[in-house]
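Some notes on the structure that comes next.
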Amino acid sequence: MKHLFILNPIAGGGRRIGEVRAEILRVMEAQSDPWELYETIGPLDAIRKVKASAEVGEALRVYACGGDGTLSECVNGAVGQAHVAVTHFPAGTGNDFIKTFPMGKEHFFCLERLLDARVMPLDVIDVGGRYGINICSVGLDARVGGDVHKYSGWPLVRGKMAYVVSLVANIVKGVAEEFEVEVGGRTQKRKFTLICACNGRSYGGAFTPVPEAVPDDGMLDILLAEQVSRMRVVSLVQRYATGRYHEVPELFAYAKDRSITIRADREFVVNVDGEILRRREVTFTLLPGAVNFFLPREAGFTRTP
């Protein structure tokens, strides 16, 4: 079995990269299995590298050494390949997907624990050939993420402040957008503030819209947030971020299904595990057990009855 470490040198602002690189070298030099440390050179490079390495046909374990974007790319390279398994050796800012495993999530930061790991098949979300393992969304949050780059270069606007500026700007533009949504055999057309399809539990560093979501149940956890006024959007976002959607059923519609299709008469922003796409129509389709994921033996997630 070969171990492939995909290192994103700019993940998390590069703060942990030196530490992660040194840990890989220290631990793997004592191992007998073949291994490779590969540093990505740009967007989507990790997908290419994982696919190329998988073509050899031998058992392959891929370690995403970066943030959630690096993990997502490694997953995209491994989907549908039975001899490939992926994990996250975190070096990013949010490291959101591993929050889905609250029991022992800290062990993902220990390489020795990942070498002594168990493998489980996880679901992925198919977005027209691009795959997400965590959360996909449309609406206010996707627009905020899509516009962050516009403000990150402004004077005194750094880091999370760019998200705050983008949030304010998008609220001014308009809280809700009109979509035609098809889910559960029902089609509805009206204005929504947020729409999300969850396989994992957390994203965006601070959002946990459906805390009971699990990534191996063969279903998407879907939330539709109704149109609200600018005065109520802060309250809606707070409940959305903390998984309290059930407190206001008049604002949130919840469903479990295998897919959801969203259409509009103009191009809109789509978030796929942090990657921003622009579409007039998008379908999020769950693919059960489509990627092998390995995790520390102590790690796991709780399930609701």
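Each chain in the structure tokens gets a letter, A, B and so on, in the order shown; residues start at 1 in every chain, and ligands are counted from 1 in the order they appear.
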So that I can see what lies close to Val291 in chain A, please list as a VMD selection string the residues with an atom at most 12 Å from it, counting only C-alpha atoms and leaving out residues fewer than 5 positions away in the same chain.
chain A and resid 61 to 62 72 74 to 87 119 to 126 131 to 133 215 to 216 286
Name all residues at most 8 Å from range 168-179 of chain A (count only C-alpha atoms; drop same-chain ones fewer than 5 positions away) and give them as a ChimeraX atom specification.
/A:139-140,143-144,189-194,227-230,233,262-264
If you count only C-alpha atoms, which residues fall within 8 Å of Pro102 in chain A, apart from same-chain ones fewer than 5 positions away, as a ChimeraX atom specification?
/A:299-302
Produce a file of the selected residues containing N, CA, C and O atoms, as a PDB file, in the first residue's frame.
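Generated file (out-v4.pdb):
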```
ATOM      1  N   ALA A 299     -12.192   8.031  16.447  1.00  0.00           N
ATOM      2  CA  ALA A 299     -13.082   9.055  15.901  1.00  0.00           C
ATOM      3  C   ALA A 299     -14.401   8.439  15.432  1.00  0.00           C
ATOM      4  O   ALA A 299     -14.461   7.295  14.989  1.00  0.00           O
ATOM      5  N   GLY A 300     -15.459   9.239  15.528  1.00  0.00           N
ATOM      6  CA  GLY A 300     -16.766   8.783  15.066  1.00  0.00           C
ATOM      7  C   GLY A 300     -17.788   9.880  15.202  1.00  0.00           C
ATOM      8  O   GLY A 300     -17.477  11.002  15.645  1.00  0.00           O
ATOM      9  N   PHE A 301     -19.026   9.590  14.827  1.00  0.00           N
ATOM     10  CA  PHE A 301     -20.072  10.590  14.937  1.00  0.00           C
ATOM     11  C   PHE A 301     -21.303   9.999  15.619  1.00  0.00           C
ATOM     12  O   PHE A 301     -21.523   8.784  15.595  1.00  0.00           O
ATOM     13  N   THR A 302     -22.054  10.864  16.243  1.00  0.00           N
ATOM     14  CA  THR A 302     -23.284  10.449  16.897  1.00  0.00           C
ATOM     15  C   THR A 302     -24.408  10.386  15.863  1.00  0.00           C
ATOM     16  O   THR A 302     -24.381  11.076  14.850  1.00  0.00           O
TER      17      THR A 302
END
```
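Using only C-alpha atoms, the protein and nucleic acid residues lying no more than 9 Å from range 111-114 of chain A, apart from those fewer than 3 places from it along its own chain, are Glu23, Ile24, Val27, Tyr63, Thr87, His88, Phe89, His107, Phe108, Ala117, Arg118, Phe294, Leu295, Pro296, Arg297 and Glu298 of chain A.
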Tell me, which residues of range 143-272 of chain A carry DSSP helix (DSSP H, G or I), written as a VMD selection string?
chain A and resid 143 to 151 160 to 173 230 to 241 245 to 247
Just N, CA, C and O atoms for this one: save the residues we selected as a short mmCIF file (atom, residue, chain, number, x, y, z; two decimals), in the first residue's frame.
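Contents of the output file again.cif:
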```
data_model
loop_
_atom_site.label_atom_id
_atom_site.label_comp_id
_atom_site.auth_asym_id
_atom_site.auth_seq_id
_atom_site.Cartn_x
_atom_site.Cartn_y
_atom_site.Cartn_z
N ARG A 143 -23.44 33.59 -2.03
CA ARG A 143 -23.10 34.91 -2.59
C ARG A 143 -22.00 35.58 -1.77
O ARG A 143 -21.08 36.20 -2.32
N VAL A 144 -22.11 35.47 -0.45
CA VAL A 144 -21.09 36.07 0.42
C VAL A 144 -19.73 35.45 0.11
O VAL A 144 -18.74 36.16 -0.06
N GLY A 145 -19.67 34.11 0.04
CA GLY A 145 -18.41 33.44 -0.26
C GLY A 145 -17.87 33.79 -1.64
O GLY A 145 -16.67 33.94 -1.84
N GLY A 146 -18.78 33.95 -2.59
CA GLY A 146 -18.37 34.27 -3.94
C GLY A 146 -17.82 35.67 -4.11
O GLY A 146 -17.04 35.94 -5.03
N ASP A 147 -18.21 36.58 -3.20
CA ASP A 147 -17.79 37.98 -3.32
C ASP A 147 -16.63 38.35 -2.40
O ASP A 147 -16.15 39.50 -2.45
N VAL A 148 -16.18 37.42 -1.56
CA VAL A 148 -15.13 37.75 -0.58
C VAL A 148 -13.90 38.34 -1.26
O VAL A 148 -13.29 39.31 -0.77
N HIS A 149 -13.51 37.75 -2.40
CA HIS A 149 -12.29 38.22 -3.07
C HIS A 149 -12.38 39.67 -3.50
O HIS A 149 -11.35 40.35 -3.65
N LYS A 150 -13.61 40.19 -3.70
CA LYS A 150 -13.76 41.59 -4.11
C LYS A 150 -13.30 42.56 -3.03
O LYS A 150 -12.89 43.68 -3.32
N TYR A 151 -13.42 42.11 -1.78
CA TYR A 151 -13.17 43.02 -0.66
C TYR A 151 -11.88 42.71 0.11
O TYR A 151 -11.43 43.54 0.91
N LYS A 160 -11.14 37.40 8.19
CA LYS A 160 -12.58 37.26 8.37
C LYS A 160 -13.32 38.57 8.12
O LYS A 160 -14.51 38.56 7.85
N MET A 161 -12.62 39.70 8.21
CA MET A 161 -13.27 40.99 7.97
C MET A 161 -13.81 41.07 6.55
O MET A 161 -14.84 41.71 6.30
N ALA A 162 -13.15 40.39 5.61
CA ALA A 162 -13.64 40.39 4.22
C ALA A 162 -15.00 39.72 4.14
O ALA A 162 -15.86 40.13 3.36
N TYR A 163 -15.23 38.68 4.96
CA TYR A 163 -16.54 38.02 4.99
C TYR A 163 -17.60 38.94 5.56
O TYR A 163 -18.75 38.95 5.09
N VAL A 164 -17.24 39.69 6.59
CA VAL A 164 -18.19 40.63 7.20
C VAL A 164 -18.60 41.69 6.18
O VAL A 164 -19.79 42.01 6.02
N VAL A 165 -17.62 42.24 5.47
CA VAL A 165 -17.91 43.27 4.46
C VAL A 165 -18.77 42.69 3.35
O VAL A 165 -19.74 43.30 2.90
N SER A 166 -18.44 41.46 2.92
CA SER A 166 -19.22 40.81 1.86
C SER A 166 -20.65 40.54 2.33
O SER A 166 -21.60 40.71 1.56
N LEU A 167 -20.82 40.13 3.59
CA LEU A 167 -22.15 39.88 4.13
C LEU A 167 -22.99 41.15 4.12
O LEU A 167 -24.14 41.15 3.66
N VAL A 168 -22.41 42.24 4.61
CA VAL A 168 -23.14 43.51 4.64
C VAL A 168 -23.51 43.94 3.23
O VAL A 168 -24.65 44.36 2.96
N ALA A 169 -22.57 43.83 2.30
CA ALA A 169 -22.82 44.25 0.92
C ALA A 169 -23.94 43.43 0.29
O ALA A 169 -24.80 43.97 -0.42
N ASN A 170 -23.96 42.13 0.56
CA ASN A 170 -25.00 41.28 -0.03
C ASN A 170 -26.35 41.46 0.62
O ASN A 170 -27.38 41.30 -0.04
N ILE A 171 -26.37 41.82 1.88
CA ILE A 171 -27.65 42.14 2.52
C ILE A 171 -28.23 43.41 1.91
O ILE A 171 -29.44 43.50 1.66
N VAL A 172 -27.37 44.37 1.63
CA VAL A 172 -27.82 45.61 0.99
C VAL A 172 -28.38 45.32 -0.40
O VAL A 172 -29.40 45.87 -0.82
N LYS A 173 -27.72 44.42 -1.14
CA LYS A 173 -28.19 44.08 -2.48
C LYS A 173 -29.56 43.43 -2.46
O LYS A 173 -30.35 43.58 -3.39
N ARG A 230 -34.65 42.41 5.79
CA ARG A 230 -33.30 42.70 6.24
C ARG A 230 -33.23 42.76 7.76
O ARG A 230 -32.21 42.43 8.37
N MET A 231 -34.32 43.17 8.40
CA MET A 231 -34.34 43.28 9.86
C MET A 231 -34.27 41.89 10.52
O MET A 231 -33.73 41.75 11.61
N ARG A 232 -34.82 40.87 9.84
CA ARG A 232 -34.87 39.53 10.43
C ARG A 232 -33.75 38.61 9.95
O ARG A 232 -33.62 37.49 10.45
N VAL A 233 -32.94 39.08 9.01
CA VAL A 233 -31.95 38.17 8.43
C VAL A 233 -30.90 37.76 9.47
O VAL A 233 -30.43 36.61 9.46
N VAL A 234 -30.55 38.66 10.39
CA VAL A 234 -29.54 38.30 11.39
C VAL A 234 -30.05 37.16 12.27
O VAL A 234 -29.33 36.21 12.56
N SER A 235 -31.32 37.25 12.68
CA SER A 235 -31.91 36.19 13.49
C SER A 235 -31.96 34.87 12.72
O SER A 235 -31.67 33.80 13.27
N LEU A 236 -32.32 34.93 11.45
CA LEU A 236 -32.38 33.72 10.63
C LEU A 236 -31.00 33.09 10.50
O LEU A 236 -30.84 31.88 10.67
N VAL A 237 -29.99 33.91 10.21
CA VAL A 237 -28.63 33.39 10.04
C VAL A 237 -28.11 32.79 11.34
O VAL A 237 -27.44 31.75 11.34
N GLN A 238 -28.43 33.40 12.47
CA GLN A 238 -27.99 32.86 13.77
C GLN A 238 -28.56 31.47 14.00
O GLN A 238 -27.87 30.56 14.44
N ARG A 239 -29.84 31.30 13.71
CA ARG A 239 -30.46 29.98 13.90
C ARG A 239 -29.91 28.98 12.89
O ARG A 239 -29.67 27.81 13.22
N TYR A 240 -29.70 29.43 11.67
CA TYR A 240 -29.13 28.57 10.63
C TYR A 240 -27.73 28.10 11.03
O TYR A 240 -27.40 26.92 10.91
N ALA A 241 -26.94 29.03 11.53
CA ALA A 241 -25.55 28.72 11.87
C ALA A 241 -25.44 27.76 13.04
O ALA A 241 -24.47 26.99 13.13
N TYR A 245 -32.88 25.37 13.37
CA TYR A 245 -33.92 25.59 12.36
C TYR A 245 -35.29 25.13 12.84
O TYR A 245 -36.32 25.69 12.46
N HIS A 246 -35.33 24.11 13.70
CA HIS A 246 -36.60 23.56 14.18
C HIS A 246 -37.36 24.53 15.08
O HIS A 246 -38.56 24.35 15.32
N GLU A 247 -36.67 25.57 15.58
CA GLU A 247 -37.33 26.55 16.45
C GLU A 247 -38.29 27.46 15.68
O GLU A 247 -39.20 28.03 16.28
#
```
